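Heads up, the thing below is written out as structure tokens.
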Amino acid sequence: MTTEHPRAGDLGAGDRQVARVQPAGGPFGTLGFAHHPEPEVLHGAMAELNKFLMVYKFGLAEIETKINILAEELAHRGRGNPIEHVTPRLKSLGSITAKARRLNCPLHVDDLRTRIRDIAGIRIVCGFVPDVYTVARMLTRQPDVHLVVTKDYIAQPKANGYRSLHLIVEIPVFLSDQVVAVPVEVQLRTVAMDFWASLEHKIYYKHDADVPAALRAELAAAAEDAARLDERMQRLHHEIHGPRLIDGDHTRT
């Protein structure tokens with residue numbers, strides 16, 4: 001289930017306007033350097049590419065800081081921290097190029113900014129399914145976090161059994177001369193979902209076309225087993241500890 005979220009309006013910082021991720025143009029137009037063998041042109045292209053990726057690195061750092069603050073504050077409350085662990089990642093140039101080719105996206109920075117929204121990403125692993133939605137709500141209700149797209153693969157799993165809550169958010173990054181709204185993909189899932197997804201990736205890695213249909217069916221069945229384990233552990237936690245107060249309301253875990 002995918003939900004597009006309209007933007008309420010650009011955030012401002014004094015007289016500075018928030019721009020989408022598009023630092024000032026430079027000497028390189030595409031990621032293919034074969035057309036520019038001259039060392040000085042290649043150096044300029046690499047400098048522009050590093051600047052392009054640097055903004056995503058800053059956006060990822062901003063989101064990670066927000067999540068770490070939430071985790072520490074919730075742990076300090078003594079009500080139970082719903083966040084088990086956090087893993088940030090920034091796509092490599094090779095990964096960006098490969099995804100662009102899969103999407104038939106030109107290897108031009110303007111097209112990459114527009115069409116590839118997960119260059120910066122962070123995975124948040126929670127204990128229970130309600131925690132996933134609680135943490136997502138805590139993050140997206142912050143006034144400087146703009147929710148762009150929601151893809152709820154927990155409510156509607158993928159055909160292979162994959163479950164996770166995916167958000168695309170925009171976070172303002174304050175540079176020396178402008179404020180840039182950087183898109184970051186936030187994946188939230190339970191420990192059981194993360195276990196299944198990690199091992200499924202190892203099984204499929206470089207062998208996607210060769211995985212037999214019977215094995216695909218087994219993997220999907222294993223995803224159902226993981227979902228039932230989530231439900232069982234959530235019920236046991238609730239029976240032993242009762243509901244806990246998180247986010248100003250009772251979270252049933």
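Residues are named by chain letter and number: chains run A, B, ... in the order of the structure tokens, numbers start at 1 in each chain, and ligands are numbered from 1 in the order shown.
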
May I have a table of the residues of range 41-100 of chain A lying at most 12 Å from range 114-119 of chain A, giving each one's closest pair of atoms and their distance in Å to one decimal, counting only C-alpha atoms, ordered by chain and ascending residue number, as CSV?
residue,atom,partner,partner_atom,distance
A:Phe52,CA,A:Ile119,CA,10.6
A:Leu53,CA,A:Ile119,CA,8.4
A:Met54,CA,A:Ile119,CA,11.0
A:Val55,CA,A:Ile119,CA,10.5
A:Tyr56,CA,A:Ile119,CA,7.0
A:Lys57,CA,A:Ile119,CA,9.2
A:Phe58,CA,A:Ile119,CA,11.9
A:Gly59,CA,A:Ile119,CA,10.4
A:Leu60,CA,A:Ile119,CA,9.5
A:Pro88,CA,A:Ile119,CA,11.1
A:Arg89,CA,A:Ile119,CA,8.4
A:Leu90,CA,A:Ile119,CA,5.9
A:Lys91,CA,A:Ile119,CA,5.1
A:Ser92,CA,A:Ile119,CA,8.3
A:Leu93,CA,A:Ile119,CA,9.5
A:Gly94,CA,A:Ile119,CA,11.4
A:Ser95,CA,A:Ile119,CA,8.9
A:Ile96,CA,A:Ile119,CA,7.1
A:Thr97,CA,A:Ile116,CA,10.2
A:Ala98,CA,A:Ile116,CA,11.1
A:Lys99,CA,A:Ile116,CA,7.9
A:Ala100,CA,A:Ile116,CA,7.4

Report the closest atom pair, with its distance in Å rounded to one decimal, for each residue of range 112-208 of chain A that has an atom no farther than 12 Å from range 66-73 of chain A; count only C-alpha atoms, sort by chain and then rising residue number, and write it as CSV.
residue,atom,partner,partner_atom,distance
A:Ile122,CA,A:Ile67,CA,9.8
A:Arg123,CA,A:Ile67,CA,10.4
A:Ile124,CA,A:Ile67,CA,8.5
A:Val125,CA,A:Ile67,CA,11.4
A:Cys126,CA,A:Ala71,CA,10.6
A:Asp131,CA,A:Ala71,CA,11.8
A:Thr134,CA,A:Leu70,CA,11.2
A:Val135,CA,A:Leu70,CA,8.4
A:Ala136,CA,A:Ile67,CA,10.0
A:Arg137,CA,A:Leu70,CA,11.5
A:Met138,CA,A:Leu70,CA,8.1
A:Leu139,CA,A:Ile67,CA,7.4
A:Thr140,CA,A:Lys66,CA,10.6
A:Arg141,CA,A:Lys66,CA,11.9
A:Gln142,CA,A:Lys66,CA,9.4
A:Asp144,CA,A:Lys66,CA,10.7
A:Val145,CA,A:Lys66,CA,9.9
A:Ile171,CA,A:Lys66,CA,10.5
A:Val186,CA,A:Ile67,CA,10.5
A:Leu188,CA,A:Ile67,CA,11.6

Store the residues picked out above, limited to N, CA and C atoms, as a PDB file, in the first residue's frame.
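That gives us selection-v7.pdb:
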ATOM      1  N   ILE A 122      17.864   4.656   6.001  1.00  0.00           N
ATOM      2  CA  ILE A 122      18.135   4.208   7.371  1.00  0.00           C
ATOM      3  C   ILE A 122      17.114   3.154   7.750  1.00  0.00           C
ATOM      4  N   ARG A 123      17.570   2.101   8.403  1.00  0.00           N
ATOM      5  CA  ARG A 123      16.692   1.010   8.829  1.00  0.00           C
ATOM      6  C   ARG A 123      16.556   1.048  10.341  1.00  0.00           C
ATOM      7  N   ILE A 124      15.312   1.029  10.808  1.00  0.00           N
ATOM      8  CA  ILE A 124      15.019   1.033  12.240  1.00  0.00           C
ATOM      9  C   ILE A 124      14.349  -0.296  12.576  1.00  0.00           C
ATOM     10  N   VAL A 125      14.976  -1.067  13.435  1.00  0.00           N
ATOM     11  CA  VAL A 125      14.424  -2.363  13.832  1.00  0.00           C
ATOM     12  C   VAL A 125      13.806  -2.224  15.220  1.00  0.00           C
ATOM     13  N   CYS A 126      12.542  -2.616  15.316  1.00  0.00           N
ATOM     14  CA  CYS A 126      11.776  -2.496  16.563  1.00  0.00           C
ATOM     15  C   CYS A 126      11.424  -3.885  17.094  1.00  0.00           C
ATOM     16  N   ASP A 131       5.191  -1.083  17.719  1.00  0.00           N
ATOM     17  CA  ASP A 131       6.331  -0.175  17.898  1.00  0.00           C
ATOM     18  C   ASP A 131       6.754   0.460  16.582  1.00  0.00           C
ATOM     19  N   THR A 134       4.478   3.290  16.000  1.00  0.00           N
ATOM     20  CA  THR A 134       4.702   4.327  17.019  1.00  0.00           C
ATOM     21  C   THR A 134       5.925   5.164  16.679  1.00  0.00           C
ATOM     22  N   VAL A 135       7.030   4.497  16.341  1.00  0.00           N
ATOM     23  CA  VAL A 135       8.263   5.219  16.015  1.00  0.00           C
ATOM     24  C   VAL A 135       8.079   6.028  14.739  1.00  0.00           C
ATOM     25  N   ALA A 136       7.391   5.458  13.754  1.00  0.00           N
ATOM     26  CA  ALA A 136       7.124   6.199  12.508  1.00  0.00           C
ATOM     27  C   ALA A 136       6.329   7.463  12.793  1.00  0.00           C
ATOM     28  N   ARG A 137       5.335   7.345  13.672  1.00  0.00           N
ATOM     29  CA  ARG A 137       4.511   8.508  14.014  1.00  0.00           C
ATOM     30  C   ARG A 137       5.326   9.555  14.770  1.00  0.00           C
ATOM     31  N   MET A 138       6.165   9.113  15.703  1.00  0.00           N
ATOM     32  CA  MET A 138       7.000  10.050  16.455  1.00  0.00           C
ATOM     33  C   MET A 138       7.933  10.826  15.532  1.00  0.00           C
ATOM     34  N   LEU A 139       8.489  10.133  14.543  1.00  0.00           N
ATOM     35  CA  LEU A 139       9.435  10.777  13.633  1.00  0.00           C
ATOM     36  C   LEU A 139       8.736  11.740  12.679  1.00  0.00           C
ATOM     37  N   THR A 140       7.655  11.300  12.074  1.00  0.00           N
ATOM     38  CA  THR A 140       7.029  12.106  11.013  1.00  0.00           C
ATOM     39  C   THR A 140       6.191  13.263  11.542  1.00  0.00           C
ATOM     40  N   ARG A 141       5.879  13.270  12.832  1.00  0.00           N
ATOM     41  CA  ARG A 141       5.124  14.409  13.353  1.00  0.00           C
ATOM     42  C   ARG A 141       6.040  15.574  13.752  1.00  0.00           C
ATOM     43  N   GLN A 142       7.347  15.373  13.672  1.00  0.00           N
ATOM     44  CA  GLN A 142       8.265  16.470  13.952  1.00  0.00           C
ATOM     45  C   GLN A 142       8.134  17.519  12.850  1.00  0.00           C
ATOM     46  N   ASP A 144       9.954  19.571  11.236  1.00  0.00           N
ATOM     47  CA  ASP A 144      10.907  19.720  10.134  1.00  0.00           C
ATOM     48  C   ASP A 144      11.099  18.438   9.338  1.00  0.00           C
ATOM     49  N   VAL A 145      10.266  17.431   9.601  1.00  0.00           N
ATOM     50  CA  VAL A 145      10.298  16.189   8.832  1.00  0.00           C
ATOM     51  C   VAL A 145       9.041  16.129   7.973  1.00  0.00           C
ATOM     52  N   ILE A 171      14.179  16.039   4.862  1.00  0.00           N
ATOM     53  CA  ILE A 171      14.728  16.680   6.046  1.00  0.00           C
ATOM     54  C   ILE A 171      15.545  17.889   5.601  1.00  0.00           C
ATOM     55  N   VAL A 186      13.261   5.743   5.004  1.00  0.00           N
ATOM     56  CA  VAL A 186      13.261   5.169   6.352  1.00  0.00           C
ATOM     57  C   VAL A 186      12.520   3.839   6.294  1.00  0.00           C
ATOM     58  N   LEU A 188      11.215   0.675   8.520  1.00  0.00           N
ATOM     59  CA  LEU A 188      10.950   0.236   9.891  1.00  0.00           C
ATOM     60  C   LEU A 188      10.392  -1.180   9.845  1.00  0.00           C
TER      61      LEU A 188
END

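For the pair CA of Glu224 in chain A and CA of Glu4 in chain A, the separation is 27.6 Å.
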
Going by DSSP on the backbone, which residues of range 49-245 of chain A come out as helix (DSSP H, G or I)? List them as a PyMOL selection string. chain A and resi 49-77+93-102+109-115+129-140+191-204+208-210+213-241

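Proximity to Ile63 in chain A was assessed for A:Ala223, A:Thr87, A:Lys202, A:Asp152 counting only C-alpha atoms; the smallest distance is recorded for A:Thr87.
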
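Here CA of Phe195 in chain A stands at a distance of 25.1 Å from CA of Ala61 in chain A.
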
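Closest approach to Gln156 in chain A among A:Pro143, A:Thr2, A:Gln234, A:Ile168: A:Thr2, based on only C-alpha atoms.
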
The residue from A:Ile203, A:Val169, A:Val179, A:Ala192 with the smallest atom-to-atom distance to Glu84 in chain A, counting only C-alpha atoms, is A:Ala192

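Excluding Ala227 in chain A and any residue on its chain fewer than 4 positions from it, the residues at most 12 Å away by only C-alpha atoms are Phe128, Val129, Ile154, Ala155, Pro157, Gly161, Tyr162, Arg163, Ser164, Arg189, Thr190, Val191, Ala192, Met193, Asp194, Phe195, Trp196, Ala220, Ala221, Ala222, Ala223, Glu231, Arg232, Met233 and Gln234 of chain A.
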
Among range 102-198 of chain A, which ones does DSSP place in strand (DSSP E or B), written as a short mmCIF file (atom, residue, chain, number, x, y, z; two decimals) with all heavy atoms, in the first residue's frame?
data_model
loop_
_atom_site.label_atom_id
_atom_site.label_comp_id
_atom_site.auth_asym_id
_atom_site.auth_seq_id
_atom_site.Cartn_x
_atom_site.Cartn_y
_atom_site.Cartn_z
N HIS A 108 22.25 11.23 -15.23
CA HIS A 108 22.42 12.67 -15.13
C HIS A 108 21.93 13.07 -13.74
O HIS A 108 20.89 12.61 -13.27
CB HIS A 108 21.61 13.38 -16.21
CG HIS A 108 21.91 14.85 -16.31
ND1 HIS A 108 21.42 15.76 -15.41
CD2 HIS A 108 22.66 15.56 -17.20
CE1 HIS A 108 21.84 16.98 -15.74
NE2 HIS A 108 22.60 16.88 -16.82
N ALA A 120 19.96 8.02 0.20
CA ALA A 120 20.21 7.95 1.65
C ALA A 120 19.09 7.13 2.28
O ALA A 120 17.91 7.31 1.95
CB ALA A 120 20.24 9.35 2.25
N GLY A 121 19.46 6.22 3.16
CA GLY A 121 18.44 5.39 3.79
C GLY A 121 18.85 4.98 5.20
O GLY A 121 20.04 4.96 5.54
N ILE A 122 17.86 4.66 6.00
CA ILE A 122 18.13 4.21 7.37
C ILE A 122 17.11 3.15 7.75
O ILE A 122 15.93 3.26 7.40
CB ILE A 122 18.11 5.40 8.36
CG1 ILE A 122 18.70 5.01 9.70
CG2 ILE A 122 16.71 5.98 8.50
CD1 ILE A 122 19.12 6.19 10.55
N ARG A 123 17.57 2.10 8.40
CA ARG A 123 16.69 1.01 8.83
C ARG A 123 16.56 1.05 10.34
O ARG A 123 17.55 1.10 11.07
CB ARG A 123 17.24 -0.34 8.38
CG ARG A 123 16.37 -1.53 8.79
CD ARG A 123 16.94 -2.81 8.21
NE ARG A 123 17.03 -2.72 6.76
CZ ARG A 123 18.05 -3.19 6.04
NH1 ARG A 123 19.08 -3.76 6.64
NH2 ARG A 123 18.06 -3.07 4.73
N ILE A 124 15.31 1.03 10.81
CA ILE A 124 15.02 1.03 12.24
C ILE A 124 14.35 -0.30 12.58
O ILE A 124 13.29 -0.61 12.03
CB ILE A 124 14.08 2.20 12.62
CG1 ILE A 124 14.66 3.54 12.14
CG2 ILE A 124 13.84 2.22 14.11
CD1 ILE A 124 13.69 4.70 12.27
N VAL A 125 14.98 -1.07 13.44
CA VAL A 125 14.42 -2.36 13.83
C VAL A 125 13.81 -2.22 15.22
O VAL A 125 14.45 -1.74 16.16
CB VAL A 125 15.50 -3.46 13.82
CG1 VAL A 125 14.94 -4.78 14.33
CG2 VAL A 125 16.06 -3.63 12.41
N CYS A 126 12.54 -2.62 15.32
CA CYS A 126 11.78 -2.50 16.56
C CYS A 126 11.42 -3.88 17.09
O CYS A 126 11.54 -4.89 16.38
CB CYS A 126 10.49 -1.69 16.32
SG CYS A 126 10.77 -0.02 15.71
N HIS A 146 9.23 16.19 6.66
CA HIS A 146 8.10 16.15 5.75
C HIS A 146 7.94 14.74 5.19
O HIS A 146 8.86 14.19 4.56
CB HIS A 146 8.29 17.14 4.60
CG HIS A 146 7.30 16.97 3.50
ND1 HIS A 146 5.94 17.05 3.71
CD2 HIS A 146 7.46 16.70 2.18
CE1 HIS A 146 5.31 16.85 2.57
NE2 HIS A 146 6.21 16.63 1.62
N LEU A 147 6.79 14.14 5.43
CA LEU A 147 6.49 12.80 4.92
C LEU A 147 6.03 12.91 3.47
O LEU A 147 5.04 13.57 3.17
CB LEU A 147 5.41 12.14 5.78
CG LEU A 147 4.96 10.73 5.36
CD1 LEU A 147 6.14 9.76 5.38
CD2 LEU A 147 3.85 10.25 6.29
N VAL A 148 6.75 12.26 2.57
CA VAL A 148 6.46 12.34 1.14
C VAL A 148 5.64 11.13 0.67
O VAL A 148 4.61 11.27 0.02
CB VAL A 148 7.77 12.44 0.32
CG1 VAL A 148 7.46 12.52 -1.18
CG2 VAL A 148 8.58 13.65 0.77
N VAL A 149 6.13 9.93 1.00
CA VAL A 149 5.48 8.70 0.54
C VAL A 149 5.51 7.66 1.65
O VAL A 149 6.50 7.55 2.38
CB VAL A 149 6.19 8.11 -0.71
CG1 VAL A 149 5.55 6.78 -1.13
CG2 VAL A 149 6.14 9.08 -1.88
N THR A 150 4.41 6.91 1.80
CA THR A 150 4.35 5.77 2.71
C THR A 150 4.07 4.51 1.90
O THR A 150 3.14 4.48 1.11
CB THR A 150 3.25 5.94 3.76
OG1 THR A 150 3.50 7.12 4.54
CG2 THR A 150 3.17 4.74 4.70
N LYS A 151 4.90 3.48 2.09
CA LYS A 151 4.65 2.17 1.50
C LYS A 151 4.57 1.16 2.64
O LYS A 151 5.58 0.83 3.25
CB LYS A 151 5.76 1.79 0.52
CG LYS A 151 5.83 2.70 -0.71
CD LYS A 151 6.91 2.24 -1.68
CE LYS A 151 6.96 3.13 -2.91
NZ LYS A 151 8.01 2.71 -3.87
N ASP A 152 3.36 0.69 2.91
CA ASP A 152 3.14 -0.17 4.06
C ASP A 152 3.10 -1.63 3.61
O ASP A 152 2.05 -2.15 3.23
CB ASP A 152 1.83 0.20 4.77
CG ASP A 152 1.70 -0.48 6.13
OD1 ASP A 152 2.43 -1.46 6.36
OD2 ASP A 152 0.89 -0.02 6.95
N LEU A 165 7.74 -1.35 6.84
CA LEU A 165 7.10 -0.05 6.60
C LEU A 165 8.15 0.87 6.02
O LEU A 165 9.18 1.12 6.65
CB LEU A 165 6.54 0.53 7.90
CG LEU A 165 5.89 1.92 7.81
CD1 LEU A 165 4.64 1.89 6.93
CD2 LEU A 165 5.55 2.46 9.20
N HIS A 166 7.91 1.35 4.80
CA HIS A 166 8.86 2.24 4.12
C HIS A 166 8.29 3.65 4.06
O HIS A 166 7.14 3.85 3.67
CB HIS A 166 9.12 1.76 2.69
CG HIS A 166 9.92 0.51 2.60
ND1 HIS A 166 10.58 0.11 1.46
CD2 HIS A 166 10.18 -0.46 3.53
CE1 HIS A 166 11.20 -1.03 1.68
NE2 HIS A 166 10.96 -1.40 2.93
N LEU A 167 9.11 4.60 4.45
CA LEU A 167 8.74 6.01 4.36
C LEU A 167 9.80 6.74 3.55
O LEU A 167 10.99 6.46 3.69
CB LEU A 167 8.66 6.66 5.75
CG LEU A 167 7.87 5.95 6.85
CD1 LEU A 167 8.04 6.69 8.17
CD2 LEU A 167 6.40 5.84 6.48
N ILE A 168 9.37 7.66 2.71
CA ILE A 168 10.28 8.63 2.13
C ILE A 168 9.99 9.96 2.83
O ILE A 168 8.85 10.45 2.79
CB ILE A 168 10.11 8.80 0.61
CG1 ILE A 168 10.35 7.46 -0.09
CG2 ILE A 168 11.05 9.87 0.08
CD1 ILE A 168 11.77 6.96 -0.01
N VAL A 169 10.98 10.50 3.50
CA VAL A 169 10.81 11.77 4.19
C VAL A 169 11.82 12.76 3.63
O VAL A 169 12.84 12.38 3.05
CB VAL A 169 10.99 11.63 5.73
CG1 VAL A 169 9.99 10.64 6.30
CG2 VAL A 169 12.42 11.22 6.07
N GLU A 170 11.53 14.02 3.79
CA GLU A 170 12.48 15.08 3.45
C GLU A 170 12.88 15.80 4.73
O GLU A 170 12.03 16.12 5.57
CB GLU A 170 11.88 16.07 2.45
CG GLU A 170 11.81 15.53 1.04
CD GLU A 170 11.31 16.57 0.05
OE1 GLU A 170 10.77 17.62 0.49
OE2 GLU A 170 11.44 16.34 -1.16
N ILE A 171 14.18 16.04 4.86
CA ILE A 171 14.73 16.68 6.05
C ILE A 171 15.54 17.89 5.60
O ILE A 171 16.32 17.79 4.64
CB ILE A 171 15.60 15.67 6.85
CG1 ILE A 171 16.12 16.29 8.14
CG2 ILE A 171 16.72 15.11 6.02
CD1 ILE A 171 15.11 16.33 9.24
N PRO A 172 15.38 19.04 6.24
CA PRO A 172 16.19 20.20 5.83
C PRO A 172 17.63 20.09 6.30
O PRO A 172 17.90 19.73 7.44
CB PRO A 172 15.48 21.38 6.50
CG PRO A 172 14.80 20.78 7.69
CD PRO A 172 14.42 19.38 7.30
N VAL A 173 18.55 20.39 5.40
CA VAL A 173 19.98 20.44 5.72
C VAL A 173 20.44 21.88 5.53
O VAL A 173 20.26 22.46 4.46
CB VAL A 173 20.78 19.49 4.81
CG1 VAL A 173 22.28 19.73 4.97
CG2 VAL A 173 20.45 18.04 5.13
N PHE A 174 21.01 22.46 6.57
CA PHE A 174 21.42 23.86 6.55
C PHE A 174 22.87 23.95 6.09
O PHE A 174 23.80 23.64 6.84
CB PHE A 174 21.25 24.47 7.95
CG PHE A 174 19.81 24.64 8.34
CD1 PHE A 174 19.07 23.56 8.77
CD2 PHE A 174 19.20 25.88 8.26
CE1 PHE A 174 17.74 23.70 9.13
CE2 PHE A 174 17.87 26.04 8.62
CZ PHE A 174 17.13 24.95 9.05
N VAL A 179 19.32 26.27 2.40
CA VAL A 179 18.73 25.14 3.10
C VAL A 179 18.23 24.17 2.04
O VAL A 179 17.46 24.55 1.16
CB VAL A 179 17.58 25.57 4.02
CG1 VAL A 179 17.07 24.39 4.83
CG2 VAL A 179 18.01 26.71 4.93
N VAL A 180 18.67 22.92 2.12
CA VAL A 180 18.33 21.93 1.11
C VAL A 180 17.46 20.84 1.74
O VAL A 180 17.81 20.30 2.79
CB VAL A 180 19.60 21.30 0.50
CG1 VAL A 180 19.22 20.29 -0.58
CG2 VAL A 180 20.50 22.38 -0.07
N ALA A 181 16.32 20.55 1.12
CA ALA A 181 15.45 19.46 1.59
C ALA A 181 15.94 18.15 0.97
O ALA A 181 15.87 17.97 -0.25
CB ALA A 181 14.00 19.73 1.21
N VAL A 182 16.44 17.26 1.81
CA VAL A 182 17.06 16.02 1.34
C VAL A 182 16.11 14.85 1.57
O VAL A 182 15.64 14.64 2.69
CB VAL A 182 18.39 15.76 2.08
CG1 VAL A 182 19.03 14.48 1.58
CG2 VAL A 182 19.33 16.94 1.90
N PRO A 183 15.83 14.04 0.53
CA PRO A 183 15.00 12.85 0.73
C PRO A 183 15.79 11.72 1.37
O PRO A 183 16.95 11.48 1.02
CB PRO A 183 14.57 12.48 -0.70
CG PRO A 183 15.67 13.00 -1.56
CD PRO A 183 16.20 14.23 -0.89
N VAL A 184 15.17 11.04 2.33
CA VAL A 184 15.78 9.89 2.99
C VAL A 184 14.73 8.79 3.07
O VAL A 184 13.58 9.06 3.44
CB VAL A 184 16.27 10.24 4.42
CG1 VAL A 184 16.88 9.01 5.09
CG2 VAL A 184 17.29 11.38 4.38
N GLU A 185 15.12 7.58 2.71
CA GLU A 185 14.21 6.44 2.89
C GLU A 185 14.37 5.89 4.30
O GLU A 185 15.49 5.60 4.74
CB GLU A 185 14.50 5.34 1.87
CG GLU A 185 13.52 4.16 2.03
CD GLU A 185 13.88 2.97 1.17
OE1 GLU A 185 15.03 2.49 1.27
OE2 GLU A 185 13.02 2.50 0.43
N VAL A 186 13.26 5.74 5.00
CA VAL A 186 13.26 5.17 6.35
C VAL A 186 12.52 3.84 6.29
O VAL A 186 11.35 3.79 5.90
CB VAL A 186 12.57 6.11 7.37
CG1 VAL A 186 12.62 5.50 8.77
CG2 VAL A 186 13.23 7.49 7.35
N GLN A 187 13.21 2.76 6.62
CA GLN A 187 12.59 1.43 6.69
C GLN A 187 12.43 1.05 8.16
O GLN A 187 13.40 1.10 8.92
CB GLN A 187 13.45 0.39 5.99
CG GLN A 187 13.64 0.59 4.50
CD GLN A 187 14.48 -0.51 3.88
OE1 GLN A 187 14.90 -1.45 4.55
NE2 GLN A 187 14.75 -0.38 2.59
N LEU A 188 11.22 0.67 8.52
CA LEU A 188 10.95 0.24 9.89
C LEU A 188 10.39 -1.18 9.84
O LEU A 188 9.48 -1.47 9.06
CB LEU A 188 9.95 1.16 10.59
CG LEU A 188 10.37 2.63 10.69
CD1 LEU A 188 9.62 3.46 9.65
CD2 LEU A 188 10.07 3.19 12.09
N ARG A 189 10.94 -2.04 10.69
CA ARG A 189 10.50 -3.43 10.70
C ARG A 189 10.77 -4.04 12.07
O ARG A 189 11.49 -3.45 12.88
CB ARG A 189 11.22 -4.24 9.62
CG ARG A 189 12.72 -4.24 9.75
CD ARG A 189 13.42 -5.07 8.69
NE ARG A 189 13.26 -4.56 7.35
CZ ARG A 189 14.12 -4.79 6.36
NH1 ARG A 189 15.22 -5.50 6.60
NH2 ARG A 189 13.92 -4.31 5.16
N THR A 190 10.20 -5.19 12.33
CA THR A 190 10.46 -5.90 13.59
C THR A 190 11.71 -6.75 13.46
O THR A 190 12.26 -6.94 12.37
CB THR A 190 9.28 -6.80 13.96
OG1 THR A 190 9.18 -7.85 12.97
CG2 THR A 190 7.96 -6.04 14.02
#

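CA of Glu218 in chain A to CA of Tyr133 in chain A spans 28.0 Å [interatomic distance, one decimal].
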